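> Attaching a single structure in structure tokens format; questions to follow.
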Amino acid sequence: QEPTPEQTNPKPVQEFYVLASTHAAMSSGMFSGRGFKLTRRWYTWCLNATSYKYRTYDGSCNNVRNLGAAITAVPTLLKSEYADGMDSPRQYGEDGLPLPSARLVSTSVFPSAIELTNRTHMVMQWGQWVIHDLSAIPISTGANGTIKCCGPKGQPPPFINNRNCFPIEIPIHDRISKGRCMEFVRSLAATSRMGFTLKPRQQINIITSFIDASQIYGSGTIQTNGLRYGGYLLKTGLHGALPKAETQNCITRPNTTDYCQLAGDTRVNEQPALGVIHTFWVREHNRISQQLRVLKGNSSEEEIFQITRKIIAALQQIINYNEYLPIILGKDAHTWNLVSKVGRTAYNPALDPSVFNEFSTAAFRFGHSTIPDVLSFSDKAVKMRFLLHRPAECLNNCEGLMAGLAGLVGKKKKKALKKVDRNFVKEVTRFLFEAQASPGHKLDLAALNIQRGRDHGLAPYIKYRTFCGLPPVKGFDDEEALGPNVRDLALVYRSIADIDLFVGLLYEPVKGDASVGPTLKCLLGIQFFNLKFGDRFFFDTTDETLGFNDEQLASLRNMTLSKVMCHNSDLRELQLDVFTLPSKQNPTYTCQQLRSESIDLTLFA
Ligand code: HEM
Ligand SMILES: [Ca+2]
């Protein structure tokens with residue numbers, strides 16, 4: 001059954017507004033912590049939405065209210081629960097005493113055991129790829145860049161040094177870092193027309209919420225122009241690698257040709273497998289646009305660029321809805337009408353397509369539990385901690401890593417995907433890098449997720465269970481609701497009403513053929529429902545002038561991620577479904593075969 005209208009309509013944003021950014025702001029790194037200087041631009045609705053033939057770069061004018069456009073406030077599904085009702089992080093339990101430290105919660109309730117599935121690392125990688133199309137919430141910065149919340153030896157601040165600091169307390173005897181303070185800066189607060197912080201506080205999404213390939217093309221005209229190579233092509237580096245970024249804020253090896261990569265999303269250098277997927281999509285754009293150039297002699301270069309961009313955005317949606325979501329949501333991907341293999345999608349202008357806070361700050365971070373401890377290349381396996389913020393392996397060995405993602409190389413044990421569960425590899429809970437500027441200070445991704453939820457004032461887990469129509473949790477022994485390890489939650493939480501959303505979602509046992517528990521499935525379902533039916537440009541829209549004709553649509557739907565990979569690498573063979581390990585049911589084909597059954601570009605000429 002489909003989600004109810006109340007579920008699909010997040011609470012309206014208090015006051016709608018859009019902020020513009022400077023070029024420097026958009027091109028600076030999310031992880032450099034510098035530069036998001038946001039200035040207000042306009043508040044108007046889009047009155048000529050129907051006059052657009054292609055998507056705008058910043059997602060504006062997809063709907064009259066400009067919902068889902070870049071640099072807009074992030075809505076919440078349920079009322080936020082700030083400690084003071086308005087602005088300060090959720091930090092007290094039901095009994096009025098402080099909540100347990102996010103780091104203590106992480107070490108107490110998230111062990112590091114690994115259970116494997118028959119899926120490939122591409123499931124993890126597609127997740128990170130798609131979230132980088134959907135949401136990027138910047139943190140606050142000071143007048144001269146990064147805010148530091150902990151002292152150089154990890155001492156907690158002696159006084160409140162910055163009102164946007166919300167460092168995580170490291171328990172005694174916890175050896176993660178020197179001292180007892182883990183860096184954490186609050187997300188940037190959205191401001192009103194007059195420049196005052198919105199009450200209750202809201203965060204800002206600086207990229208377009210729509211699945212529109214904004215991680216390839218950027219989320220604004222200036223950014224897109226910086227990625228284009230004149231006419232119809234996207235810029236590339238040597239041998240079809242990504243081009244070099246202006247700001248070199250990743251980790252490169254001295255005396256090598258390494259560089260930090262430039263892409264439509266600034267987080268591209270976060271780990272090399274992410275760089276790989278960026279790389280083959282830029283190549284796919286250039287491959288398609290070059291062919292269309294030949295086929296469409298009369299079209300302008302701009303027209304070729306836009307048609308290619310439209311095809312690439314359609315492919316993102318096709319792969320996400322038809323290949324990826326059925327793996328995550330199981331058969332409900334079908335019952336909720338998310339799978340789009342036949343028919344057309346009728347646009348519903350009443351829906352808000354914005355990525356909501358609970359999705360980006362808790363639900364979709366479920367993927368962090370699937371991060372592997374090593375990445376496999378054709379000739380080696382490297383621990384994740386040595387790959388963070390280092391693009392080198394992608395620049396030098398993209399193909400080897402592609403084979404690794406598809407599970408074609410490496411020891412059998414290493415190539416299968418880790419289950420979505422309460423376990424996290426130590427690579428991210430113990431050895432996550434902070435900026436190279438602070439050696440010896442490690443971060444814990446699970447703790448950051450919990451703290452971020454509190455920073456954003458997310459309501460606790462049990463409220464979402466009720467919201468999703470599931471029976472209430474009966475207590476710290478309710479295995480039906482929270483799985484066989486439910487008692488571990490009582491090690492840190494004093495009341496079930498205090499359980500952080502991110503934690504509760506990952507404790508729920510998986511049911512049926514989905515990869516995630518029921519509340520998580522509900523939140524993911526609502527978001528992808530809104531992103532399908534609330535996107536006026538959804539690839540199979542009933543409006544053929546915005547979308548495609550029947551033949552084009554059929555040809556596009558014939559594409560798979562495996563075919564895109566084969567087209568843009570020197571891989572020799574691949575299984576048709578790259579999200580699943582090769583088997584009798586998922587046979588391997590030669591890339592030559594896969595390429596021959598792909599999209600027919602003459603239909604677009
Ligand atoms: C090696 C892989 C990955 C690393 C190192 C990584 C690291 C991070 C870091 C450091 C943050 C910011 C945390 C904070 O301060 O709040 C973040 C945010 C996030 N991550 Fe990951 N991540 C990885 C993969 C994934 C995957 C596979 C998914 C989902 C399937 C995912 C989903 C998210 C989401 C939804 C956010 C919030 C984005 C926003 O709205 O700004 N990540 N990640
Ligand atoms: Ca987008």
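Ordering of the structure tokens sets the chain letters (A, B, ...), residue numbers begin anew at 1 in every chain, and ligands are numbered from 1 in the order given.
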Would you write out, as a Markdown table, a table of all residues in chain A that have an atom no more than 8 Å from an atom of ligand 1, listing for each the closest atom pair and the distance in Å to one decimal, considering only C-alpha atoms and all ligand atoms and ordering rows by chain and rising residue number?


| residue | atom | partner | partner_atom_place_in_ligand_line | distance |
| --- | --- | --- | --- | --- |
| A:Phe31 | CA | ligand 1 | 10 (C) | 7.7 |
| A:Val123 | CA | ligand 1 | 27 (C) | 7.8 |
| A:Met124 | CA | ligand 1 | 27 (C) | 4.3 |
| A:Gln125 | CA | ligand 1 | 27 (C) | 5.5 |
| A:Trp126 | CA | ligand 1 | 30 (C) | 7.0 |
| A:Gly127 | CA | ligand 1 | 30 (C) | 3.4 |
| A:Gln128 | CA | ligand 1 | 26 (C) | 3.9 |
| A:Trp129 | CA | ligand 1 | 26 (C) | 7.6 |
| A:Val130 | CA | ligand 1 | 30 (C) | 7.7 |
| A:Ile131 | CA | ligand 1 | 35 (C) | 5.6 |
| A:His132 | CA | ligand 1 | 38 (C) | 7.2 |
| A:Leu134 | CA | ligand 1 | 40 (O) | 7.6 |
| A:Ser135 | CA | ligand 1 | 40 (O) | 4.3 |
| A:Ala136 | CA | ligand 1 | 41 (O) | 3.5 |
| A:Ile137 | CA | ligand 1 | 41 (O) | 3.8 |
| A:Pro138 | CA | ligand 1 | 41 (O) | 6.5 |
| A:Phe184 | CA | ligand 1 | 15 (O) | 7.1 |
| A:Val185 | CA | ligand 1 | 15 (O) | 7.9 |
| A:Asn205 | CA | ligand 1 | 40 (O) | 7.0 |
| A:Glu270 | CA | ligand 1 | 5 (C) | 6.2 |
| A:Gln271 | CA | ligand 1 | 1 (C) | 5.8 |
| A:Leu274 | CA | ligand 1 | 2 (C) | 7.9 |
| A:Asn357 | CA | ligand 1 | 40 (O) | 7.9 |
| A:Phe359 | CA | ligand 1 | 35 (C) | 6.9 |
| A:Ser360 | CA | ligand 1 | 35 (C) | 4.2 |
| A:Thr361 | CA | ligand 1 | 37 (C) | 5.5 |
| A:Ala362 | CA | ligand 1 | 35 (C) | 7.0 |
| A:Ala363 | CA | ligand 1 | 35 (C) | 7.2 |
| A:Phe364 | CA | ligand 1 | 35 (C) | 4.6 |
| A:Arg365 | CA | ligand 1 | 32 (C) | 4.1 |
| A:Phe366 | CA | ligand 1 | 29 (C) | 6.0 |
| A:Gly367 | CA | ligand 1 | 30 (C) | 3.4 |
| A:His368 | CA | ligand 1 | 26 (C) | 5.0 |
| A:Ser369 | CA | ligand 1 | 27 (C) | 7.9 |
| A:Thr370 | CA | ligand 1 | 27 (C) | 6.6 |
| A:Ile371 | CA | ligand 1 | 2 (C) | 5.7 |
| A:Pro372 | CA | ligand 1 | 1 (C) | 7.7 |
| A:Met384 | CA | ligand 1 | 1 (C) | 7.1 |
| A:Leu388 | CA | ligand 1 | 5 (C) | 6.2 |
| A:Val428 | CA | ligand 1 | 5 (C) | 6.7 |
| A:Leu432 | CA | ligand 1 | 5 (C) | 7.1 |
| A:Leu445 | CA | ligand 1 | 10 (C) | 6.1 |
| A:Leu448 | CA | ligand 1 | 14 (C) | 5.2 |
| A:Asn449 | CA | ligand 1 | 16 (O) | 5.2 |
| A:Gln451 | CA | ligand 1 | 16 (O) | 7.6 |
| A:Arg452 | CA | ligand 1 | 16 (O) | 5.1 |

> For chain A against ligand 2, with a cut-off of 9 Å and counting only C-alpha atoms and all ligand atoms, what is the closest atom pair and its distance in Å to one decimal for every residue that makes the cut, ordered by chain and number, as CSV?


residue,atom,partner,partner_atom_place_in_ligand_line,distance
A:Tyr57,CA,ligand 2,1 (Ca),9.0
A:Asp58,CA,ligand 2,1 (Ca),8.4
A:Gly59,CA,ligand 2,1 (Ca),7.6
A:Gly68,CA,ligand 2,1 (Ca),8.6
A:Ala69,CA,ligand 2,1 (Ca),8.6
A:Ala70,CA,ligand 2,1 (Ca),8.2
A:Val130,CA,ligand 2,1 (Ca),8.4
A:Ile131,CA,ligand 2,1 (Ca),8.5
A:His132,CA,ligand 2,1 (Ca),7.5
A:Asp133,CA,ligand 2,1 (Ca),4.0
A:Leu134,CA,ligand 2,1 (Ca),4.7
A:Ser135,CA,ligand 2,1 (Ca),7.4
A:Ile207,CA,ligand 2,1 (Ca),6.0
A:Thr208,CA,ligand 2,1 (Ca),4.0
A:Ser209,CA,ligand 2,1 (Ca),4.7
A:Phe210,CA,ligand 2,1 (Ca),4.3
A:Ile211,CA,ligand 2,1 (Ca),4.7
A:Asp212,CA,ligand 2,1 (Ca),4.8
A:Ala213,CA,ligand 2,1 (Ca),5.7
A:Ser214,CA,ligand 2,1 (Ca),4.4
A:Gln215,CA,ligand 2,1 (Ca),6.7
A:Gly218,CA,ligand 2,1 (Ca),8.3
A:Ser219,CA,ligand 2,1 (Ca),7.2

> Write out as a PyMOL selection string all residues of segment 32-121 of chain A that backbone DSSP assigns to strand (DSSP E or B).

chain A and resi 38-42+72-73+92+98+116-120

> Excluding Asp455 of chain A and residues on its chain fewer than 5 positions from it, collect all residues at most 8 Å away from it, counting only C-alpha atoms, and give them as number ranges by chain.

A: 88-90, 166, 186-187

> Please identify all polymer residues within 8 Å of Phe110 of chain A, counting only C-alpha atoms, omitting same-chain residues fewer than 6 positions from it, and present them as a compact mmCIF listing (two decimals) with N, CA and C atoms, in the first residue's frame.


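Saved the output as part-v5.txt:
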# COMPACT_ATOMS: atom_id res chain seq x y z
N ARG A 422 23.74 -3.40 13.05
CA ARG A 422 24.29 -2.49 14.05
C ARG A 422 25.83 -2.49 14.05
N ASN A 423 26.43 -3.27 13.19
CA ASN A 423 27.90 -3.34 13.16
C ASN A 423 28.52 -2.33 12.21
N PHE A 424 29.64 -1.76 12.61
CA PHE A 424 30.39 -0.81 11.79
C PHE A 424 31.85 -1.23 11.81

> Could you pull out the helix (DSSP H, G or I) residues of segment 331-373 of chain A, going by DSSP on the backbone, and write them as JSON, numbers by chain?

{"A": [332, 333, 334, 335, 357, 358, 359, 360, 361, 363, 364, 365, 366, 367, 368, 369, 370]}

> Keeping only C-alpha atoms, write the selected residues as a tab-separated table (two decimals), in the first residue's frame.


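Result written to part23.tsv:
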chain	number	residue	atom	x	y	z
A	332	ASP	CA	7.79	-2.87	-1.23
A	333	ALA	CA	9.77	-1.09	-3.93
A	334	HIS	CA	7.08	-2.57	-6.20
A	335	THR	CA	4.05	-2.20	-3.91
A	357	ASN	CA	16.11	16.03	7.58
A	358	GLU	CA	15.37	12.59	8.97
A	359	PHE	CA	16.42	11.07	5.66
A	360	SER	CA	19.78	12.81	5.24
A	361	THR	CA	20.70	13.02	8.91
A	363	ALA	CA	17.89	7.16	7.62
A	364	PHE	CA	20.10	7.22	4.54
A	365	ARG	CA	23.22	7.12	6.68
A	366	PHE	CA	22.35	3.41	7.11
A	367	GLY	CA	24.88	2.94	4.32
A	368	HIS	CA	27.70	3.71	6.75
A	369	SER	CA	27.04	0.30	8.26
A	370	THR	CA	27.84	-1.30	4.87

> Figure out the distance between atom CA of Asn249 of chain A and atom CA of Phe305 of chain A, please, to one decimal in Å.

29.7 Å

> Which residues are close to Leu458 of chain A, i.e. within 7 Å by only C-alpha atoms, leaving aside same-chain residues fewer than 2 positions away? Reply as a PyMOL selection string.

chain A and resi 80-81+358+453-454+456+460

> Could you pull the residues within 12 Å of Gly440 of chain A, counting only C-alpha atoms, minus those fewer than 6 positions along the same chain, as a list of chain:residue names?

A:Pro152, A:Lys153, A:Gly154, A:Arg175, A:Ile176, A:Ser177, A:Lys178, A:Gly179, A:Met182, A:Arg430, A:Phe431, A:Leu432, A:Phe433, A:Glu434

> Which polymer residues have any atom within 12 Å of an atom of Gly237 of chain A, counting only C-alpha atoms, with same-chain residues fewer than 3 positions away left out, as a list in words?

Leu227, Tyr229, Leu234, Gly240, Ala241, Leu242, Pro243, Lys244, Ala245, Thr257, Asp258, Tyr259, Cys260, Gln261, Leu262, Ala263, Thr279, Val282, Arg283, Leu395 and Asn396 of chain A

> Next, dump the selected residues to file, keeping only N, CA and C atoms, as a PDB file, in the first residue's frame.


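Saved result, selection-v3.pdb, follows:
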ATOM      1  N   LEU A 227      32.675  23.080 -14.976  1.00  0.00           N
ATOM      2  CA  LEU A 227      32.865  21.649 -15.229  1.00  0.00           C
ATOM      3  C   LEU A 227      32.808  21.333 -16.716  1.00  0.00           C
ATOM      4  N   TYR A 229      33.566  21.637 -20.794  1.00  0.00           N
ATOM      5  CA  TYR A 229      34.694  21.891 -21.667  1.00  0.00           C
ATOM      6  C   TYR A 229      34.107  22.491 -22.938  1.00  0.00           C
ATOM      7  N   LEU A 234      32.168  17.460 -21.086  1.00  0.00           N
ATOM      8  CA  LEU A 234      32.589  17.791 -19.724  1.00  0.00           C
ATOM      9  C   LEU A 234      34.109  17.698 -19.683  1.00  0.00           C
ATOM     10  N   GLY A 240      41.005  10.245 -19.565  1.00  0.00           N
ATOM     11  CA  GLY A 240      39.605  10.228 -19.123  1.00  0.00           C
ATOM     12  C   GLY A 240      39.431  10.242 -17.611  1.00  0.00           C
ATOM     13  N   ALA A 241      40.460  10.693 -16.892  1.00  0.00           N
ATOM     14  CA  ALA A 241      40.310  10.842 -15.433  1.00  0.00           C
ATOM     15  C   ALA A 241      39.530  12.125 -15.170  1.00  0.00           C
ATOM     16  N   LEU A 242      39.134  12.342 -13.936  1.00  0.00           N
ATOM     17  CA  LEU A 242      38.456  13.582 -13.593  1.00  0.00           C
ATOM     18  C   LEU A 242      39.470  14.725 -13.672  1.00  0.00           C
ATOM     19  N   PRO A 243      38.985  15.944 -13.970  1.00  0.00           N
ATOM     20  CA  PRO A 243      39.920  17.072 -14.024  1.00  0.00           C
ATOM     21  C   PRO A 243      40.401  17.478 -12.628  1.00  0.00           C
ATOM     22  N   LYS A 244      41.385  18.349 -12.634  1.00  0.00           N
ATOM     23  CA  LYS A 244      41.999  18.774 -11.378  1.00  0.00           C
ATOM     24  C   LYS A 244      41.206  19.928 -10.753  1.00  0.00           C
ATOM     25  N   ALA A 245      41.013  19.850  -9.431  1.00  0.00           N
ATOM     26  CA  ALA A 245      40.284  20.910  -8.731  1.00  0.00           C
ATOM     27  C   ALA A 245      41.194  22.094  -8.461  1.00  0.00           C
ATOM     28  N   THR A 257      52.113  12.327  -9.373  1.00  0.00           N
ATOM     29  CA  THR A 257      51.237  13.173 -10.183  1.00  0.00           C
ATOM     30  C   THR A 257      49.832  13.262  -9.590  1.00  0.00           C
ATOM     31  N   ASP A 258      49.666  12.807  -8.347  1.00  0.00           N
ATOM     32  CA  ASP A 258      48.348  12.866  -7.692  1.00  0.00           C
ATOM     33  C   ASP A 258      47.796  14.276  -7.676  1.00  0.00           C
ATOM     34  N   TYR A 259      46.505  14.393  -7.741  1.00  0.00           N
ATOM     35  CA  TYR A 259      45.855  15.688  -7.515  1.00  0.00           C
ATOM     36  C   TYR A 259      44.436  15.472  -6.984  1.00  0.00           C
ATOM     37  N   CYS A 260      43.873  16.519  -6.435  1.00  0.00           N
ATOM     38  CA  CYS A 260      42.490  16.429  -5.957  1.00  0.00           C
ATOM     39  C   CYS A 260      41.558  16.681  -7.134  1.00  0.00           C
ATOM     40  N   GLN A 261      40.516  15.859  -7.234  1.00  0.00           N
ATOM     41  CA  GLN A 261      39.659  15.873  -8.416  1.00  0.00           C
ATOM     42  C   GLN A 261      38.535  16.911  -8.314  1.00  0.00           C
ATOM     43  N   LEU A 262      38.090  17.343  -9.476  1.00  0.00           N
ATOM     44  CA  LEU A 262      36.979  18.286  -9.583  1.00  0.00           C
ATOM     45  C   LEU A 262      35.756  17.538 -10.115  1.00  0.00           C
ATOM     46  N   ALA A 263      34.603  17.741  -9.472  1.00  0.00           N
ATOM     47  CA  ALA A 263      33.361  17.119  -9.953  1.00  0.00           C
ATOM     48  C   ALA A 263      32.193  17.993  -9.541  1.00  0.00           C
ATOM     49  N   THR A 279      34.044   9.144 -12.223  1.00  0.00           N
ATOM     50  CA  THR A 279      34.829   9.076 -13.452  1.00  0.00           C
ATOM     51  C   THR A 279      34.051   8.423 -14.584  1.00  0.00           C
ATOM     52  N   VAL A 282      31.262  10.724 -16.003  1.00  0.00           N
ATOM     53  CA  VAL A 282      31.737  11.823 -16.861  1.00  0.00           C
ATOM     54  C   VAL A 282      32.083  11.259 -18.239  1.00  0.00           C
ATOM     55  N   ARG A 283      32.711  10.089 -18.247  1.00  0.00           N
ATOM     56  CA  ARG A 283      33.035   9.444 -19.531  1.00  0.00           C
ATOM     57  C   ARG A 283      31.756   9.107 -20.299  1.00  0.00           C
ATOM     58  N   LEU A 395      42.859   7.717  -9.443  1.00  0.00           N
ATOM     59  CA  LEU A 395      43.547   8.308 -10.593  1.00  0.00           C
ATOM     60  C   LEU A 395      44.414   7.287 -11.305  1.00  0.00           C
ATOM     61  N   ASN A 396      44.991   6.358 -10.545  1.00  0.00           N
ATOM     62  CA  ASN A 396      45.959   5.435 -11.144  1.00  0.00           C
ATOM     63  C   ASN A 396      45.425   4.052 -11.470  1.00  0.00           C
TER      64      ASN A 396
END

> Show me a table, sorted first by chain and then by increasing residue number, of the residues of segment 253-334 of chain A having an atom at most 8 Å from segment 518-541 of chain A, each with its shortest atom pair and the distance in Å to one decimal, counting only C-alpha atoms and written as JSON lines.


{"residue": "A:Ala313", "atom": "CA", "partner": "A:Phe539", "partner_atom": "CA", "distance": 7.8}
{"residue": "A:Ala314", "atom": "CA", "partner": "A:Phe539", "partner_atom": "CA", "distance": 5.0}
{"residue": "A:Gln317", "atom": "CA", "partner": "A:Phe539", "partner_atom": "CA", "distance": 7.1}
{"residue": "A:Ile318", "atom": "CA", "partner": "A:Phe539", "partner_atom": "CA", "distance": 7.9}
{"residue": "A:Leu329", "atom": "CA", "partner": "A:Lys521", "partner_atom": "CA", "distance": 6.1}
{"residue": "A:Ala333", "atom": "CA", "partner": "A:Gly525", "partner_atom": "CA", "distance": 7.6}
